[in-house]
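File shown: work.cif. Contents: mmCIF, C-alpha atoms and all ligand atoms.
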```cif
data_start
loop_
_atom_site.label_atom_id
_atom_site.label_comp_id
_atom_site.auth_asym_id
_atom_site.auth_seq_id
_atom_site.Cartn_x
_atom_site.Cartn_y
_atom_site.Cartn_z
CA MET F 1 -9.47 42.59 -134.57
CA ILE F 2 -10.69 44.74 -131.70
CA THR F 3 -8.30 44.03 -128.86
CA SER F 4 -10.18 45.72 -126.02
CA PRO F 5 -13.86 46.63 -125.71
CA PRO F 6 -14.66 50.08 -127.11
CA ARG F 7 -15.31 52.70 -124.45
CA SER F 8 -18.40 54.79 -124.05
CA SER F 9 -18.08 58.52 -123.54
CA THR F 10 -19.92 60.54 -120.92
CA PRO F 11 -23.43 61.46 -121.98
CA ASP F 12 -23.16 65.11 -121.00
CA SER F 13 -19.92 65.67 -122.93
CA ALA F 14 -21.77 64.83 -126.09
CA THR F 15 -24.90 66.83 -125.45
CA GLU F 16 -23.61 69.88 -123.60
CA ARG F 17 -21.13 72.34 -125.03
CA PRO F 18 -18.16 69.99 -125.57
CA GLY F 19 -14.83 70.73 -123.89
CA PRO F 20 -11.51 70.81 -125.76
CA ASP F 21 -11.01 67.07 -125.31
CA GLY F 22 -14.02 65.93 -127.30
CA PRO F 23 -16.94 63.74 -126.29
CA SER F 24 -14.75 61.53 -124.09
CA GLY F 25 -12.64 64.27 -122.55
CA ARG F 26 -14.22 64.50 -119.08
CA PRO F 27 -12.48 63.51 -115.84
CA ALA F 28 -12.73 59.77 -115.15
CA HIS F 29 -14.76 60.17 -111.94
CA ARG F 30 -17.63 61.67 -113.96
CA ARG F 31 -17.82 58.83 -116.46
CA ALA F 32 -21.11 57.01 -116.81
CA PRO F 33 -20.09 54.63 -119.59
CA ASP F 34 -23.33 52.86 -120.31
CA ALA F 35 -25.53 55.90 -120.71
CA SER F 36 -23.35 57.64 -123.30
CA PRO F 37 -24.68 58.04 -126.82
CA TYR F 38 -21.12 57.62 -128.16
CA VAL F 39 -18.69 54.76 -128.38
CA ASP F 40 -15.01 55.79 -128.47
CA LEU F 41 -12.62 53.89 -130.69
CA THR F 42 -8.90 54.17 -131.13
CA ARG F 43 -7.61 54.42 -134.67
CA ALA F 44 -6.56 50.73 -134.53
CA GLU F 45 -9.98 49.60 -133.30
CA TRP F 46 -11.76 51.64 -135.95
CA SER F 47 -9.44 50.52 -138.72
CA ALA F 48 -10.25 46.84 -138.00
CA LEU F 49 -13.90 47.59 -138.84
CA ARG F 50 -13.22 48.03 -142.55
CA GLU F 51 -13.25 44.21 -142.90
CA ARG F 52 -12.77 43.32 -146.55
CA THR F 53 -13.76 46.67 -148.04
CA PRO F 54 -11.41 47.02 -151.03
CA LEU F 55 -9.24 50.12 -151.44
CA PRO F 56 -10.52 51.67 -154.66
CA LEU F 57 -8.16 54.69 -154.85
CA THR F 58 -4.55 54.95 -155.98
CA ALA F 59 -1.92 57.12 -154.27
CA ASP F 60 -2.20 59.59 -157.21
CA GLU F 61 -5.96 59.90 -156.77
CA VAL F 62 -5.58 60.54 -153.04
CA GLU F 63 -2.94 63.17 -153.80
CA ARG F 64 -5.38 64.99 -156.10
CA LEU F 65 -8.11 65.00 -153.43
CA ARG F 66 -5.81 66.28 -150.70
CA GLY F 67 -6.18 69.93 -149.61
CA LEU F 68 -3.22 72.28 -149.27
CA GLY F 69 -1.30 71.42 -146.08
CA ASP F 70 -3.40 68.36 -145.34
CA VAL F 71 -1.62 65.08 -144.69
CA ILE F 72 -3.60 62.21 -146.13
CA ASP F 73 -1.98 59.15 -147.65
CA LEU F 74 -3.13 55.66 -148.56
CA ASP F 75 -2.62 54.43 -144.97
CA GLU F 76 -4.95 57.14 -143.70
CA VAL F 77 -7.53 56.25 -146.37
CA ARG F 78 -7.26 52.54 -145.53
CA ASP F 79 -7.38 52.97 -141.73
CA VAL F 80 -9.89 55.77 -141.37
CA TYR F 81 -11.95 56.38 -144.50
CA LEU F 82 -12.55 52.80 -145.73
CA PRO F 83 -14.31 51.78 -142.49
CA LEU F 84 -16.34 54.99 -142.76
CA SER F 85 -17.24 54.25 -146.37
CA ARG F 86 -18.36 50.75 -145.32
CA LEU F 87 -20.40 52.11 -142.40
CA LEU F 88 -22.05 54.69 -144.66
CA ASN F 89 -22.89 52.05 -147.25
CA LEU F 90 -24.67 50.10 -144.46
CA TYR F 91 -26.44 53.26 -143.32
CA VAL F 92 -27.64 54.05 -146.85
CA GLY F 93 -29.11 50.54 -147.20
CA ALA F 94 -30.73 50.62 -143.75
CA THR F 95 -32.16 54.11 -144.30
CA SER F 96 -33.63 53.09 -147.63
CA ASN F 97 -35.28 50.04 -145.99
CA LEU F 98 -36.68 52.24 -143.24
CA ARG F 99 -38.12 54.62 -145.82
CA GLY F 100 -39.73 51.64 -147.59
CA THR F 101 -41.31 50.61 -144.29
CA LEU F 102 -42.54 54.14 -143.70
CA ASN F 103 -44.04 54.31 -147.21
CA THR F 104 -45.86 51.02 -146.57
CA PHE F 105 -47.17 52.39 -143.29
CA LEU F 106 -48.33 55.63 -144.92
CA GLY F 107 -49.83 53.83 -147.92
CA ASP F 108 -52.13 56.14 -149.87
CA ALA F 109 -51.89 58.75 -147.13
CA GLY F 110 -48.25 59.26 -148.10
CA ASN F 111 -48.97 60.00 -151.75
CA GLY F 112 -48.39 63.60 -152.49
CA HIS F 113 -47.24 64.20 -148.92
CA GLY F 114 -43.57 63.61 -149.41
CA ALA F 115 -43.36 59.82 -149.17
CA GLN F 116 -41.27 58.82 -152.16
CA GLN F 117 -38.73 56.47 -153.59
CA GLY F 118 -35.13 57.39 -154.25
CA THR F 119 -34.75 60.12 -151.61
CA PRO F 120 -31.03 61.04 -151.53
CA PHE F 121 -29.02 60.14 -148.45
CA VAL F 122 -27.60 63.37 -147.00
CA ILE F 123 -24.29 63.59 -145.12
CA GLY F 124 -23.10 66.74 -143.29
CA VAL F 125 -19.37 67.41 -142.78
CA ALA F 126 -18.62 70.08 -140.15
CA GLY F 127 -15.55 71.55 -138.45
CA SER F 128 -13.35 74.63 -138.15
CA VAL F 129 -11.79 76.68 -140.92
CA ALA F 130 -8.51 74.91 -141.92
CA VAL F 131 -9.27 71.64 -140.12
CA GLY F 132 -9.37 69.76 -143.43
CA LYS F 133 -13.13 69.31 -143.91
CA SER F 134 -12.92 69.64 -147.67
CA THR F 135 -10.37 66.82 -147.98
CA VAL F 136 -12.59 64.58 -145.84
CA ALA F 137 -15.64 65.49 -147.93
CA ARG F 138 -13.84 64.93 -151.26
CA LEU F 139 -12.45 61.58 -150.08
CA LEU F 140 -15.89 60.45 -148.95
CA GLN F 141 -17.33 61.49 -152.30
CA ALA F 142 -14.71 59.45 -154.19
CA LEU F 143 -15.03 56.39 -151.93
CA LEU F 144 -18.82 56.34 -151.73
CA ALA F 145 -19.18 56.67 -155.52
CA ARG F 146 -17.35 53.34 -155.94
CA TRP F 147 -20.22 51.38 -154.35
CA PRO F 148 -22.58 50.06 -157.06
CA GLU F 149 -25.64 50.86 -154.88
CA HIS F 150 -24.96 54.62 -154.86
CA PRO F 151 -22.64 55.76 -157.68
CA ARG F 152 -23.94 59.36 -157.92
CA VAL F 153 -22.46 61.34 -155.07
CA GLU F 154 -22.63 65.15 -155.15
CA LEU F 155 -20.62 67.47 -152.93
CA VAL F 156 -21.73 70.96 -152.01
CA THR F 157 -19.83 73.43 -149.83
CA THR F 158 -21.84 75.95 -147.84
CA ASP F 159 -19.61 78.89 -148.85
CA GLY F 160 -21.88 79.32 -151.92
CA PHE F 161 -24.53 80.51 -149.47
CA LEU F 162 -22.37 83.22 -147.88
CA TYR F 163 -23.93 86.61 -148.60
CA PRO F 164 -22.09 88.40 -151.42
CA MET F 165 -19.49 90.92 -150.18
CA LYS F 166 -21.81 93.88 -150.94
CA GLU F 167 -24.53 92.37 -148.78
CA LEU F 168 -22.04 91.55 -145.99
CA GLN F 169 -20.96 95.22 -146.09
CA ARG F 170 -24.57 96.37 -145.95
CA ARG F 171 -25.18 94.18 -142.92
CA GLY F 172 -21.90 95.16 -141.21
CA LEU F 173 -20.69 91.56 -141.37
CA THR F 174 -17.39 91.79 -143.29
CA SER F 175 -15.46 90.78 -140.16
CA ARG F 176 -17.88 87.96 -139.42
CA LYS F 177 -17.34 85.88 -142.55
CA GLY F 178 -18.02 82.25 -141.69
CA PHE F 179 -20.21 83.14 -138.66
CA PRO F 180 -23.75 81.71 -138.91
CA GLU F 181 -25.26 85.14 -139.65
CA SER F 182 -22.99 85.63 -142.70
CA TYR F 183 -24.91 82.92 -144.59
CA ASP F 184 -28.29 82.98 -146.25
CA ARG F 185 -29.40 80.11 -144.02
CA ARG F 186 -32.92 80.03 -145.35
CA ALA F 187 -31.67 79.56 -148.95
CA LEU F 188 -29.20 76.87 -147.86
CA THR F 189 -31.85 74.90 -145.98
CA ARG F 190 -34.28 75.26 -148.89
CA PHE F 191 -31.57 74.02 -151.29
CA VAL F 192 -30.99 70.81 -149.31
CA ALA F 193 -34.73 70.35 -148.67
CA ASP F 194 -35.37 70.53 -152.44
CA ILE F 195 -32.71 67.92 -153.18
CA LYS F 196 -34.06 65.68 -150.44
CA ALA F 197 -37.57 66.11 -151.84
CA GLY F 198 -36.32 64.64 -155.14
CA LYS F 199 -36.50 67.76 -157.36
CA ASP F 200 -34.94 67.09 -160.76
CA GLU F 201 -32.63 70.11 -160.74
CA VAL F 202 -31.57 72.24 -157.79
CA ARG F 203 -29.25 75.25 -158.13
CA ALA F 204 -26.80 76.92 -155.75
CA PRO F 205 -24.60 80.03 -156.00
CA VAL F 206 -20.83 79.51 -156.19
CA TYR F 207 -18.16 81.08 -153.94
CA SER F 208 -14.59 81.74 -155.05
CA HIS F 209 -11.66 81.84 -152.62
CA LEU F 210 -9.78 83.66 -155.39
CA ILE F 211 -12.04 86.73 -155.48
CA TYR F 212 -13.20 86.18 -151.86
CA ASP F 213 -16.78 86.60 -152.98
CA ILE F 214 -19.75 84.92 -154.68
CA VAL F 215 -19.12 84.57 -158.43
CA PRO F 216 -21.77 86.59 -160.29
CA GLY F 217 -23.80 84.47 -162.71
CA GLU F 218 -22.17 81.16 -161.78
CA GLU F 219 -24.30 78.29 -160.50
CA LEU F 220 -23.90 74.76 -159.26
CA VAL F 221 -26.61 72.40 -160.53
CA VAL F 222 -27.44 69.25 -158.59
CA ARG F 223 -29.52 66.58 -160.32
CA ARG F 224 -31.01 63.83 -158.17
CA PRO F 225 -27.90 62.32 -156.58
CA ASP F 226 -27.95 59.05 -154.63
CA ILE F 227 -25.92 60.76 -151.91
CA LEU F 228 -25.44 64.45 -151.15
CA ILE F 229 -22.51 65.62 -149.01
CA VAL F 230 -22.94 69.08 -147.48
CA GLU F 231 -19.65 70.45 -146.16
CA GLY F 232 -19.22 73.64 -144.15
CA LEU F 233 -18.43 75.32 -140.87
CA ASN F 234 -21.96 75.62 -139.62
CA VAL F 235 -23.83 72.66 -141.04
CA LEU F 236 -24.68 71.29 -137.58
CA GLN F 237 -26.07 74.56 -136.23
CA PRO F 238 -29.60 74.23 -134.85
CA ALA F 239 -32.33 76.13 -136.67
CA LEU F 240 -33.10 79.68 -135.61
CA PRO F 241 -36.46 80.01 -133.90
CA GLY F 242 -39.11 81.62 -136.04
CA LYS F 243 -40.48 85.14 -135.29
CA ASP F 244 -43.35 83.53 -133.41
CA GLY F 245 -40.80 81.69 -131.23
CA ARG F 246 -41.64 78.34 -132.79
CA THR F 247 -38.91 75.87 -133.73
CA ARG F 248 -38.12 75.76 -137.43
CA VAL F 249 -36.74 72.92 -139.50
CA GLY F 250 -32.97 73.44 -139.82
CA LEU F 251 -30.33 72.18 -142.23
CA ALA F 252 -29.17 69.38 -139.92
CA ASP F 253 -32.71 68.02 -139.76
CA TYR F 254 -32.17 66.81 -143.33
CA PHE F 255 -29.00 64.88 -142.51
CA ASP F 256 -29.00 61.10 -142.39
CA PHE F 257 -25.43 61.08 -141.06
CA SER F 258 -22.93 63.73 -140.01
CA VAL F 259 -19.19 63.92 -139.41
CA TYR F 260 -17.46 66.52 -137.22
CA VAL F 261 -13.76 66.92 -138.01
CA ASP F 262 -12.13 67.79 -134.70
CA ALA F 263 -8.66 68.92 -133.58
CA ARG F 264 -7.12 71.12 -130.90
CA PRO F 265 -7.56 74.84 -131.68
CA GLU F 266 -3.76 75.35 -131.29
CA ASP F 267 -3.10 72.73 -133.99
CA ILE F 268 -5.73 74.20 -136.31
CA GLU F 269 -4.21 77.67 -135.86
CA ARG F 270 -0.80 76.31 -136.91
CA TRP F 271 -2.36 74.59 -139.97
CA TYR F 272 -4.17 77.82 -140.87
CA LEU F 273 -0.96 79.87 -140.70
CA ASN F 274 1.06 77.27 -142.63
CA ARG F 275 -1.62 77.16 -145.30
CA PHE F 276 -1.62 80.96 -145.55
CA ARG F 277 2.16 80.83 -146.03
CA LYS F 278 1.78 78.26 -148.83
CA LEU F 279 -1.15 80.10 -150.46
CA ARG F 280 1.01 83.24 -150.50
CA GLU F 281 3.49 81.36 -152.68
CA THR F 282 0.79 79.87 -154.94
CA ALA F 283 -2.88 80.97 -155.23
CA PHE F 284 -2.29 84.52 -153.95
CA GLN F 285 0.15 85.16 -156.83
CA ASN F 286 -2.80 85.10 -159.24
CA PRO F 287 -3.38 88.73 -160.37
CA PHE F 288 -7.11 88.31 -159.62
CA SER F 289 -6.55 87.04 -156.06
CA TYR F 290 -8.15 89.17 -153.36
CA PHE F 291 -5.11 88.34 -151.23
CA ARG F 292 -2.52 89.37 -153.82
CA LYS F 293 -1.54 92.32 -151.63
CA TYR F 294 0.02 89.83 -149.18
CA THR F 295 2.52 88.72 -151.81
CA GLN F 296 3.77 92.32 -152.03
CA VAL F 297 4.69 92.61 -148.34
CA SER F 298 7.18 90.61 -146.28
CA GLU F 299 6.24 87.10 -145.14
CA GLU F 300 6.33 88.36 -141.56
CA GLU F 301 3.79 91.09 -142.30
CA ALA F 302 1.56 88.69 -144.26
CA LEU F 303 1.58 86.19 -141.39
CA GLU F 304 0.76 88.93 -138.90
CA TYR F 305 -2.37 89.61 -140.94
CA ALA F 306 -3.23 85.87 -141.04
CA GLN F 307 -2.73 85.69 -137.28
CA THR F 308 -5.18 88.60 -136.84
CA MET F 309 -7.73 86.85 -139.09
CA TRP F 310 -7.39 83.72 -136.99
CA ARG F 311 -7.59 85.50 -133.62
CA THR F 312 -10.44 87.86 -134.51
CA ILE F 313 -12.60 85.79 -136.89
CA ASN F 314 -11.90 82.09 -137.26
CA LYS F 315 -10.97 81.18 -133.69
CA PRO F 316 -13.91 83.00 -132.05
CA ASN F 317 -16.22 81.39 -134.63
CA LEU F 318 -14.75 77.98 -133.84
CA LEU F 319 -15.20 78.42 -130.09
CA GLU F 320 -18.56 80.20 -130.11
CA ASN F 321 -20.38 78.50 -132.96
CA VAL F 322 -18.66 75.53 -134.55
CA ALA F 323 -17.26 73.46 -131.63
CA PRO F 324 -20.55 73.60 -129.66
CA THR F 325 -22.19 71.63 -132.49
CA ARG F 326 -19.75 68.72 -132.18
CA GLY F 327 -22.05 66.79 -129.84
CA ARG F 328 -24.71 66.71 -132.56
CA ALA F 329 -22.57 64.73 -135.02
CA THR F 330 -23.05 61.03 -135.72
CA LEU F 331 -19.27 60.63 -135.90
CA VAL F 332 -16.49 62.77 -134.41
CA VAL F 333 -13.14 62.27 -136.15
CA ARG F 334 -10.34 63.53 -133.93
CA LYS F 335 -7.05 64.56 -135.58
CA GLY F 336 -3.68 64.79 -133.83
CA PRO F 337 -1.11 67.58 -134.31
CA ASP F 338 0.15 65.93 -137.54
CA HIS F 339 -3.35 65.87 -139.16
CA LYS F 340 -3.53 62.11 -138.69
CA VAL F 341 -6.73 60.75 -137.15
CA GLN F 342 -6.11 59.44 -133.63
CA LYS F 343 -9.54 58.45 -132.38
CA LEU F 344 -13.18 58.38 -133.37
CA SER F 345 -16.43 58.67 -131.44
CA LEU F 346 -19.46 57.06 -133.06
CA ARG F 347 -22.98 57.72 -131.92
CA LYS F 348 -24.48 54.42 -130.89
CA LEU F 349 -27.89 55.57 -129.67
N1 LIG F 401 -7.64 82.37 -149.48
C1 LIG F 401 -7.71 81.21 -150.10
N2 LIG F 401 -7.32 81.09 -151.41
C2 LIG F 401 -7.41 79.89 -152.03
N3 LIG F 401 -7.86 78.76 -151.47
C3 LIG F 401 -8.24 78.82 -150.18
C4 LIG F 401 -8.19 80.03 -149.42
N4 LIG F 401 -8.66 79.77 -148.17
C5 LIG F 401 -8.98 78.46 -148.16
N5 LIG F 401 -8.72 77.88 -149.35
C6 LIG F 401 -8.99 76.49 -149.72
O1 LIG F 401 -10.39 76.29 -149.59
C7 LIG F 401 -10.70 75.02 -149.05
C8 LIG F 401 -11.63 75.14 -147.87
O2 LIG F 401 -10.95 75.73 -146.80
P1 LIG F 401 -11.63 75.85 -145.36
O3 LIG F 401 -12.98 76.49 -145.47
O4 LIG F 401 -10.64 76.49 -144.44
O5 LIG F 401 -11.91 74.37 -144.92
P2 LIG F 401 -11.02 73.12 -144.61
O6 LIG F 401 -9.58 73.52 -144.45
O7 LIG F 401 -11.59 72.57 -143.34
O8 LIG F 401 -11.22 72.19 -145.75
C9 LIG F 401 -9.36 74.37 -148.74
O9 LIG F 401 -9.07 73.42 -149.77
C10 LIG F 401 -8.37 75.51 -148.76
O10 LIG F 401 -7.07 75.08 -149.15
C1 LIG F 402 -15.36 80.55 -146.90
C2 LIG F 402 -15.30 80.28 -145.43
C3 LIG F 402 -16.18 81.28 -144.68
C4 LIG F 402 -15.79 78.83 -145.09
O1 LIG F 402 -16.74 78.33 -145.95
P1 LIG F 402 -17.72 77.06 -145.68
O2 LIG F 402 -17.18 76.27 -144.52
O3 LIG F 402 -19.07 77.63 -145.39
O4 LIG F 402 -17.76 76.28 -146.96
C5 LIG F 402 -13.85 80.37 -144.92
O5 LIG F 402 -13.06 79.43 -145.54
C6 LIG F 402 -13.24 81.75 -145.09
O6 LIG F 402 -12.76 82.09 -146.13
N1 LIG F 402 -13.29 82.53 -144.00
C7 LIG F 402 -12.92 83.92 -144.00
C8 LIG F 402 -11.77 84.20 -143.10
C9 LIG F 402 -10.46 83.64 -143.66
O7 LIG F 402 -10.18 83.79 -144.86
O8 LIG F 402 -9.74 83.04 -142.89
#
```

Please rewrite the model in this file as structure tokens.
Ligand SMILES: Nc1ncnc2c1ncn2[C@@H]1O[C@H](COP(=O)(O)OP(=O)(O)O)[C@@H](O)[C@H]1O
Ligand SMILES: CC(C)(COP(=O)(O)O)[C@@H](O)C(=O)NCCC(=O)O
Amino acid sequence: MITSPPRSSTPDSATERPGPDGPSGRPAHRRAPDASPYVDLTRAEWSALRERTPLPLTADEVERLRGLGDVIDLDEVRDVYLPLSRLLNLYVGATSNLRGTLNTFLGDAGNGHGAQQGTPFVIGVAGSVAVGKSTVARLLQALLARWPEHPRVELVTTDGFLYPMKELQRRGLTSRKGFPESYDRRALTRFVADIKAGKDEVRAPVYSHLIYDIVPGEELVVRRPDILIVEGLNVLQPALPGKDGRTRVGLADYFDFSVYVDARPEDIERWYLNRFRKLRETAFQNPFSYFRKYTQVSEEEALEYAQTMWRTINKPNLLENVAPTRGRATLVVRKGPDHKVQKLSLRKL
């Protein structure tokens, strides 16, 4: 049960560059509740919205989907991700009905002009490095696939569209990995456009955290999913203007729904450093790991390096590029210092 009416957030906090407190984080005297495109819900209010949606995952399954350092248990899935799975199921149905209406309107004019049945529903998942986007995306994939209306859910991470290391070197972008310009944005947008257009088979390059580069010759093949989840730092970035100054179609224009995973930069930094410490004891031990050198030095030295990576690459990217896109998301999921979701802002207009 919702115990108090959900609050609206200020309109400008959602459309301007958002401050560190999220869409509702403006001083009270500037609030204009009714005009806001967002409704703010506490975790308890949101959790009540799952209604009778059954919990289809076991604790073991959740454990397997959980990223290193992330804290997600069955309570978190029940309270936060089941209501989201229910909302998305409603969105998929409503979007499909709307497309049917549009096809009827277009009639013959739509034939051969893109009006079609079975267009996949596309969800974007955005947020900082180390905020836990991949766990959110994997959980959504597992939960959404349990609905009989849309069992085929594919997940794609945008790292496959990073330029290979050689190309980053050529462009002078090795210290800008994860910044918008380090991706082949045109290829990424084309990839999602092709899936949305209903192509039978669409291929993407594959990135490996182990070698810190694109894997030569490896490909991800996506075949007509019911739902496509696109997860990555920059998925909500607006399109670059064309050379003629005209607006182009960008990746986010293909999204039917988007989630921004939000947290305080200080918390994310701590999660990033803790994860680096854990990776040093696990994945970095692999002889092929690009980061193996950090297993050969003291933990203090390794963490100094991680701190530099955070301060010079990931934090500036978060502040300059990623966080400003938060106000474009359909849903902002705000995590507290312990990774647990504390509040949610859902776009209502
Ligand atoms: N250097 C690395 N070696 C191995 N795995 C990594 C490395 N860096 C990140 N990962 C893993 O890659 C995934 C994506 O990480 P990241 O892009 O930071 O997004 P997020 O933490 O928001 O999911 C996570 O599961 C993380 O544990
Ligand atoms: C691969 C990434 C650029 C993010 O990928 P994406 O969100 O596009 O899937 C990022 O996780 C990363 O490795 N950044 C480089 C700096 C660092 O290792 O912290």

Within 6 Å of ligand LIG 402 (chain F), which residues of chain F show up? Give each one with its shortest atom-to-atom distance in Å (one decimal) and the two atoms involved, counting only C-alpha atoms and all ligand atoms, rows by chain then rising residue number, as a tab-separated table.
```
residue	atom	partner	partner_atom	distance
F:Val129	CA	F:LIG402	O5	5.5
F:Thr157	CA	F:LIG402	O4	4.5
F:Thr158	CA	F:LIG402	O3	4.1
F:Asp159	CA	F:LIG402	O4	3.7
F:Lys177	CA	F:LIG402	C7	5.0
F:Gly178	CA	F:LIG402	C3	3.6
F:Gly232	CA	F:LIG402	O2	3.3
F:Leu233	CA	F:LIG402	O2	4.0
F:Met309	CA	F:LIG402	O8	5.7
```

When you look at Leu57 (chain F) with a cut-off of 8 Å (counting all atoms listed in the file), what residues show up, excluding the ones that are within fewer than 3 positions of it in the same chain? I need them as a list in words.
Glu61, Val62 and Leu143 of chain F

Could you give me the centre and size, in Å to one decimal, of an axis-aligned box around all listed atoms of ligand LIG 401 (chain F) with 4 Å added on every side, as lines of an AutoDock Vina configuration file?
```
center_x = -10.0
center_y = 77.3
center_z = -147.7
size_x = 13.9
size_y = 18.2
size_z = 16.7
```

Using only C-alpha atoms and all ligand atoms, which residues have at least one atom no more than 10 Å from ligand LIG 401 (chain F)? Output them as a CSV table (one decimal) with C-alpha atoms, in the frame of the given file.
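What ended up in part_8.csv:
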```csv
chain,number,residue,atom,x,y,z
F,65,LEU,CA,-8.1,65.0,-153.4
F,66,ARG,CA,-5.8,66.3,-150.7
F,67,GLY,CA,-6.2,69.9,-149.6
F,68,LEU,CA,-3.2,72.3,-149.3
F,69,GLY,CA,-1.3,71.4,-146.1
F,70,ASP,CA,-3.4,68.4,-145.3
F,125,VAL,CA,-19.4,67.4,-142.8
F,126,ALA,CA,-18.6,70.1,-140.2
F,127,GLY,CA,-15.6,71.6,-138.4
F,128,SER,CA,-13.4,74.6,-138.2
F,129,VAL,CA,-11.8,76.7,-140.9
F,130,ALA,CA,-8.5,74.9,-141.9
F,131,VAL,CA,-9.3,71.6,-140.1
F,132,GLY,CA,-9.4,69.8,-143.4
F,133,LYS,CA,-13.1,69.3,-143.9
F,134,SER,CA,-12.9,69.6,-147.7
F,135,THR,CA,-10.4,66.8,-148.0
F,136,VAL,CA,-12.6,64.6,-145.8
F,137,ALA,CA,-15.6,65.5,-147.9
F,138,ARG,CA,-13.8,64.9,-151.3
F,157,THR,CA,-19.8,73.4,-149.8
F,158,THR,CA,-21.8,76.0,-147.8
F,159,ASP,CA,-19.6,78.9,-148.8
F,178,GLY,CA,-18.0,82.2,-141.7
F,208,SER,CA,-14.6,81.7,-155.0
F,209,HIS,CA,-11.7,81.8,-152.6
F,210,LEU,CA,-9.8,83.7,-155.4
F,211,ILE,CA,-12.0,86.7,-155.5
F,212,TYR,CA,-13.2,86.2,-151.9
F,231,GLU,CA,-19.6,70.4,-146.2
F,232,GLY,CA,-19.2,73.6,-144.2
F,233,LEU,CA,-18.4,75.3,-140.9
F,261,VAL,CA,-13.8,66.9,-138.0
F,262,ASP,CA,-12.1,67.8,-134.7
F,268,ILE,CA,-5.7,74.2,-136.3
F,271,TRP,CA,-2.4,74.6,-140.0
F,272,TYR,CA,-4.2,77.8,-140.9
F,275,ARG,CA,-1.6,77.2,-145.3
F,276,PHE,CA,-1.6,81.0,-145.6
F,278,LYS,CA,1.8,78.3,-148.8
F,279,LEU,CA,-1.2,80.1,-150.5
F,280,ARG,CA,1.0,83.2,-150.5
F,282,THR,CA,0.8,79.9,-154.9
F,283,ALA,CA,-2.9,81.0,-155.2
F,284,PHE,CA,-2.3,84.5,-154.0
F,286,ASN,CA,-2.8,85.1,-159.2
F,289,SER,CA,-6.6,87.0,-156.1
F,290,TYR,CA,-8.2,89.2,-153.4
F,291,PHE,CA,-5.1,88.3,-151.2
F,292,ARG,CA,-2.5,89.4,-153.8
F,314,ASN,CA,-11.9,82.1,-137.3
```

Write out as a ChimeraX atom specification each polymer residue whose atoms come within 8 Å of Val259 (chain F), counting all atoms listed in the file; drop sequence neighbours fewer than 3 positions from it.
/F:123-126,329-333

Write out the residues from the selection above, keeping C-alpha atoms, as an mmCIF file, keeping the file's coordinate frame.
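Output contents, as saved in result.cif:
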```
data_model
loop_
_atom_site.group_PDB
_atom_site.id
_atom_site.type_symbol
_atom_site.label_atom_id
_atom_site.label_comp_id
_atom_site.auth_asym_id
_atom_site.auth_seq_id
_atom_site.Cartn_x
_atom_site.Cartn_y
_atom_site.Cartn_z
ATOM 1 C CA ILE F 123 -24.290 63.590 -145.120
ATOM 2 C CA GLY F 124 -23.100 66.740 -143.290
ATOM 3 C CA VAL F 125 -19.370 67.410 -142.780
ATOM 4 C CA ALA F 126 -18.620 70.080 -140.150
ATOM 5 C CA ALA F 329 -22.570 64.730 -135.020
ATOM 6 C CA THR F 330 -23.050 61.030 -135.720
ATOM 7 C CA LEU F 331 -19.270 60.630 -135.900
ATOM 8 C CA VAL F 332 -16.490 62.770 -134.410
ATOM 9 C CA VAL F 333 -13.140 62.270 -136.150
#
```

Pick out the closest residue to Ala48 (chain F) from this set: F:Ala187, F:Ala109, F:Leu82, F:Val341. Count all atoms listed in the file.
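Comparing F:Ala187, F:Ala109, F:Leu82, F:Val341 against Ala48 (chain F), the winner is F:Leu82.
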
Determine, counting only C-alpha atoms, which protein, DNA and RNA residues have an atom within 12 Å of an atom of Arg52 (chain F); residues of the same chain fewer than 6 positions away are not included. Present the result as a PyMOL selection string.
chain F and resi 78+82-83+85-86

For the residues selected in the previous step, produce a file with C-alpha atoms as a tab-separated table (two decimals), in the coordinates of the input.
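This is the output file result_20.tsv:
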```tsv
chain	number	residue	atom	x	y	z
F	78	ARG	CA	-7.26	52.54	-145.53
F	82	LEU	CA	-12.55	52.80	-145.73
F	83	PRO	CA	-14.31	51.78	-142.49
F	85	SER	CA	-17.24	54.25	-146.37
F	86	ARG	CA	-18.36	50.75	-145.32
```

With distances taken over only C-alpha atoms, which of F:Leu251, F:Ala302, F:Leu88, F:Val215 is nearest to Glu149 (chain F)?
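The answer is F:Leu88, which sits nearest to Glu149 (chain F).
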
Between CA of Glu281 (chain F) and CA of Gln296 (chain F), what is the spacing in Å?
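CA of Glu281 (chain F) lies 11.0 Å from CA of Gln296 (chain F).
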
Could you tell me how far CA of Thr325 (chain F) lies from CA of Pro180 (chain F), in Å and to one decimal?
12.1 Å

Excluding Lys315 (chain F) and residues on its chain fewer than 2 positions from it, collect all residues at most 10 Å away from it, counting all atoms listed in the file, and give them as a list in words.
Ser128, Val129, Pro265, Glu266, Ile268, Glu269, Thr308, Met309, Trp310, Arg311, Thr312, Ile313, Asn317, Leu318, Leu319, Glu320, Asn321 and Val322 of chain F

Within 9 Å of Ala59 (chain F), counting only C-alpha atoms, which residues show up once you throw out same-chain ones fewer than 5 positions away? Write them as a ChimeraX atom specification, please.
/F:64,73-74

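The space between CA of Tyr81 (chain F) and CA of Leu140 (chain F) spans 7.2 Å.
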